[in-house]
Amino acid sequence: MTDERKFVEEIPDWEDDFDRWYVEVVQKAELTDDSPVRGTKVIRPYGFALWENMQRELDRRIKETGVENAYFPLFIPKSMLEREAEHIEGFAPEVAWVTRGGNKELEEPWAVRPTSEAIICPMYARWVQSYRDLPILINQWANVVRWEERPRAFLRSLEFLWQEGHTAHATLEEAEERARQMLGVYQDFVQTELAIPVIPGQKTEAEKFAGALRTYTIEAMMGGKKWALQSATSHNLGDHFGRVFDIQFLDAQGQRQFAFNTSWGLSFRTIGAIIMVHGDSRGLKLPPRVAPIHVVIVPIRRSEAVDDAVDRVRDLLRPAARVFVDRREDKTPGFKFNEWELKGIPIRLEIGPRDVAKDQVTLVRRDTSERENVSIASLQTAIPAILAEIQANLFSAAKRMLDENTKLVTTYDELKQRVEANAGFNLAYWCGNPQCEARIKAETHATIRCIPFQQPGEPGQCILCGNESTVVALFARAY
RNA sequence: CGGGGAGUGGCGCAGCCCGGUUAGCGCGCCGCGUUCGGGACGCGGAGGUCGGAGGUUCAAAUCCUCUCUCCCCGACCA
């Protein structure tokens, strides 16, 4: 079912008011609808189909690294969540609690998981006795709850969907390798499937995951205000959790050791990234590899001959492409064109009497708006090629945006001005002092998104204090 | 959590300040017909008790109190 409202006429101009544009597009493209519960959205079938496609591709990649899926409880007893001090300190402000079950007050409140380290690690403790039990490589697809004060569809909601991987290893080196490996998986997934270029790097002490030894991240640049979106993170937890949850084992020398852990997650906020990176004034542009529908066929001036051609083309393209035929008779072609463009379908095929006469279709690309006539005979090879082209095109357009709006800044004034002007990403030398980081954040609203892995290699001066430094940090405002 | 804005048929709004007939308008929706290559048209219909609760009053969409939700800005965050 589709909604019968007017669409593109109603969404605000993309440049004009990007925040409103986002809200309206999410709603009108039927990705989500408001729910009666504050800070939560209903994910509608079209939005969920997109998520399912993303899940499938990411799940495959995760499993290829030897990880298995499992499922752990939604609830975490208070005492368990509080075991790791930094962890609970970081999450305390956003944890939802269950204090009553049925008619009884609980003796010990249960947290609704904001993340699952505190329930998974105790299980690992039961499962690990020997170094031969390691590594444990488990992922779960789950919902988590974080009591956010200012929700935003997909980007920040009280409840969100994600996958969280949790591993346990015999050595720190192995955990480090796994944390890095999974960041690479995320980078590949986001760039290949979602057509979004990212900057991989390491979080600062101030920005890292609560309880982690080190946090790695991929950061993407959104359209509109050119803010950063942390698209996935991967943590080397060191032995912090192994110690507090008592994941002990005997190594090959018969020595007691604590296990080393990692955790890593990617949430459906990356749907928000797809919307903001690729979208335009007409609405969504979905990357073909995850789009719920690749090709929409709009019959024009339906007749038996037109219907036959439509069926023939549909059968020809299936199952290689996800095809949908819009047969609604009460909607004009123009209406359908706009609606499907809003929903971001990569390719539209128009089939009318003129096409039938020439044994062709009229093909329109969502990414370039180009219109061309394609013979039905060549469609079977043309469509997959064009889908691949669109995927590549979306990526290169996004890459261009990222590159053109990323600058190495050398003065604090310039940094301030660029952040103020929503000019994009700023690379700047940073001395490593948390006080400089904090002051820049307070004065500009820009945070260090990461220390990019790719570094210039030459020394420079800290953007704030001027001290000698070899480290370039990525400064930007973030969602 | 601080500041601002808003909740009236499915959507977008008017009415509210200066309480008073059957709460209007546009779009959408249903039926019939004509249409169909960038958001069609005609005719005929259906649909709301004004976010929720309480109060003031002869009388409340309109005034008062409380409350819920949404949007924007800020602090915080995947």
# chains A, B, ... in the order shown; residues from 1 in each chain; ligands from 1
>>> interface_residues(of="chain B", to="chain A", cutoff="9 Å", atoms="only C-alpha atoms (C1' of nucleotides)", output="list in words")
C1, G10, C11, C27, G28, C29, U35, C36, G37, G38, G39, A40, U69, C70, C71, C72, C76, C77 and A78 of chain B
>>> write_last_selection(atoms="C-alpha atoms (C1' of nucleotides)", output="compact mmCIF listing (two decimals), in the first residue's frame")
# COMPACT_ATOMS: atom_id res chain seq x y z
C1' C B 1 16.91 18.53 31.28
C1' G B 10 -5.95 10.51 6.66
C1' C B 11 -2.59 15.13 5.49
C1' C B 27 -5.74 18.06 -0.57
C1' G B 28 -6.68 13.01 0.13
C1' C B 29 -10.62 9.05 0.58
C1' U B 35 -8.60 10.43 -18.61
C1' C B 36 -3.22 8.54 -18.62
C1' G B 37 4.48 10.13 -21.88
C1' G B 38 6.06 14.76 -15.21
C1' G B 39 1.65 15.46 -9.54
C1' A B 40 -5.88 14.85 -14.48
C1' U B 69 3.09 13.82 22.17
C1' C B 70 5.63 16.13 18.04
C1' C B 71 9.08 19.87 15.78
C1' C B 72 13.33 23.47 16.33
C1' C B 76 24.14 14.60 26.15
C1' C B 77 24.37 10.53 22.93
C1' A B 78 25.19 4.64 18.26
>>> select_by_dssp(residues="range 287-329 of chain A", states="strand (DSSP E)", output="list of chain:residue names")
A:Val295, A:Val296, A:Ile297, A:Val298, A:Pro299, A:Val323, A:Phe324, A:Val325
>>> select_by_dssp(residues="range 259-474 of chain A", states="alpha helix (DSSP H)", output="VMD selection string")
chain A and resid 269 to 278 304 to 317 333 to 342 353 to 358 376 to 404 412 to 420 434 to 444
>>> residues_around(residues="Ser281 in chain A", least_positions_apart="5", cutoff="12 Å", atoms="only C-alpha atoms (C1' of nucleotides)", output="tab-separated table (two decimals) with C-alpha atoms, in the first residue's frame")
chain	number	residue	atom	x	y	z
A	7	PHE	CA	4.69	14.19	-2.03
A	8	VAL	CA	7.57	16.11	-3.44
A	9	GLU	CA	5.58	19.32	-3.62
A	10	GLU	CA	5.47	19.15	0.12
A	11	ILE	CA	8.96	18.32	1.21
A	12	PRO	CA	11.00	21.36	2.18
A	13	ASP	CA	13.86	22.47	0.03
A	14	TRP	CA	16.97	20.43	0.63
A	15	GLU	CA	19.36	23.37	1.02
A	16	ASP	CA	16.82	25.50	2.76
A	17	ASP	CA	16.04	23.49	5.81
A	18	PHE	CA	17.93	20.25	5.92
A	20	ARG	CA	13.02	19.47	8.24
A	21	TRP	CA	13.80	17.89	4.89
A	22	TYR	CA	15.12	14.85	6.75
A	24	GLU	CA	9.65	14.85	6.13
A	25	VAL	CA	11.45	12.54	3.76
A	223	GLY	CA	24.83	16.04	3.12
A	224	GLY	CA	23.21	19.34	4.01
A	275	ILE	CA	19.14	9.26	3.51
A	276	MET	CA	21.39	12.22	4.29
A	338	ASN	CA	7.26	11.72	-8.32
A	341	GLU	CA	11.50	9.27	-7.00
A	342	LEU	CA	10.70	10.31	-3.45
A	343	LYS	CA	11.09	6.71	-2.41
A	344	GLY	CA	14.45	6.53	-4.13
A	366	ARG	CA	17.09	8.24	-10.27
A	367	ASP	CA	20.69	9.31	-9.76
>>> residues_around(residues="G15 in chain B", least_positions_apart="2", cutoff="12 Å", atoms="only C-alpha atoms (C1' of nucleotides)", output="ChimeraX atom specification")
/B:8,13,17,23-25,50,61-62
>>> write_last_selection(atoms="C-alpha atoms (C1' of nucleotides)", output="mmCIF file, in the first residue's frame")
data_model
loop_
_atom_site.group_PDB
_atom_site.id
_atom_site.type_symbol
_atom_site.label_atom_id
_atom_site.label_comp_id
_atom_site.auth_asym_id
_atom_site.auth_seq_id
_atom_site.Cartn_x
_atom_site.Cartn_y
_atom_site.Cartn_z
ATOM 1 C "C1'" U B 8 -8.728 20.799 15.248
ATOM 2 C "C1'" C B 13 -4.486 24.512 7.827
ATOM 3 C "C1'" C B 17 -7.247 36.921 21.590
ATOM 4 C "C1'" A B 23 -16.805 23.377 13.579
ATOM 5 C "C1'" G B 24 -15.036 25.507 8.059
ATOM 6 C "C1'" C B 25 -11.406 25.233 3.786
ATOM 7 C "C1'" C B 50 -11.341 20.013 18.352
ATOM 8 C "C1'" A B 61 -12.239 24.075 20.049
ATOM 9 C "C1'" U B 62 -12.246 29.057 22.390
#
>>> atom_distance(atom1="CA of Arg348 in chain A", atom2="CA of Ala320 in chain A")
15.9 Å
>>> residues_around(residues="U65 in chain B", least_positions_apart="6", cutoff="12 Å", atoms="only C-alpha atoms (C1' of nucleotides)", output="ChimeraX atom specification")
/B:53-56
>>> atom_distance(atom1="CA of Pro287 in chain A", atom2="CA of Thr217 in chain A")
22.2 Å
>>> residues_around(residues="range 61-63 of chain A", least_positions_apart="5", cutoff="8 Å", atoms="only C-alpha atoms (C1' of nucleotides)", output="PyMOL selection string")
chain A and resi 68+182+185+189
>>> atom_distance(atom1="CA of Glu57 in chain A", atom2="CA of Glu193 in chain A")
7.6 Å
>>> residues_around(residues="Ala309 in chain A", least_positions_apart="4", cutoff="7 Å", atoms="only C-alpha atoms (C1' of nucleotides)", output="number ranges by chain")
A: 305, 313, 356
>>> closest_residue(among="B:C73, B:C66, B:C16, B:C30", to="G47 in chain B", atoms="only C-alpha atoms (C1' of nucleotides)")
B:C30
>>> closest_residue(among="A:His278, A:Lys104, A:His240, A:Lys78", to="Met222 in chain A", atoms="only C-alpha atoms")
A:His278
>>> closest_residue(among="B:G26, B:G5, B:G31, B:G19", to="G45 in chain B", atoms="only C-alpha atoms (C1' of nucleotides)")
B:G31
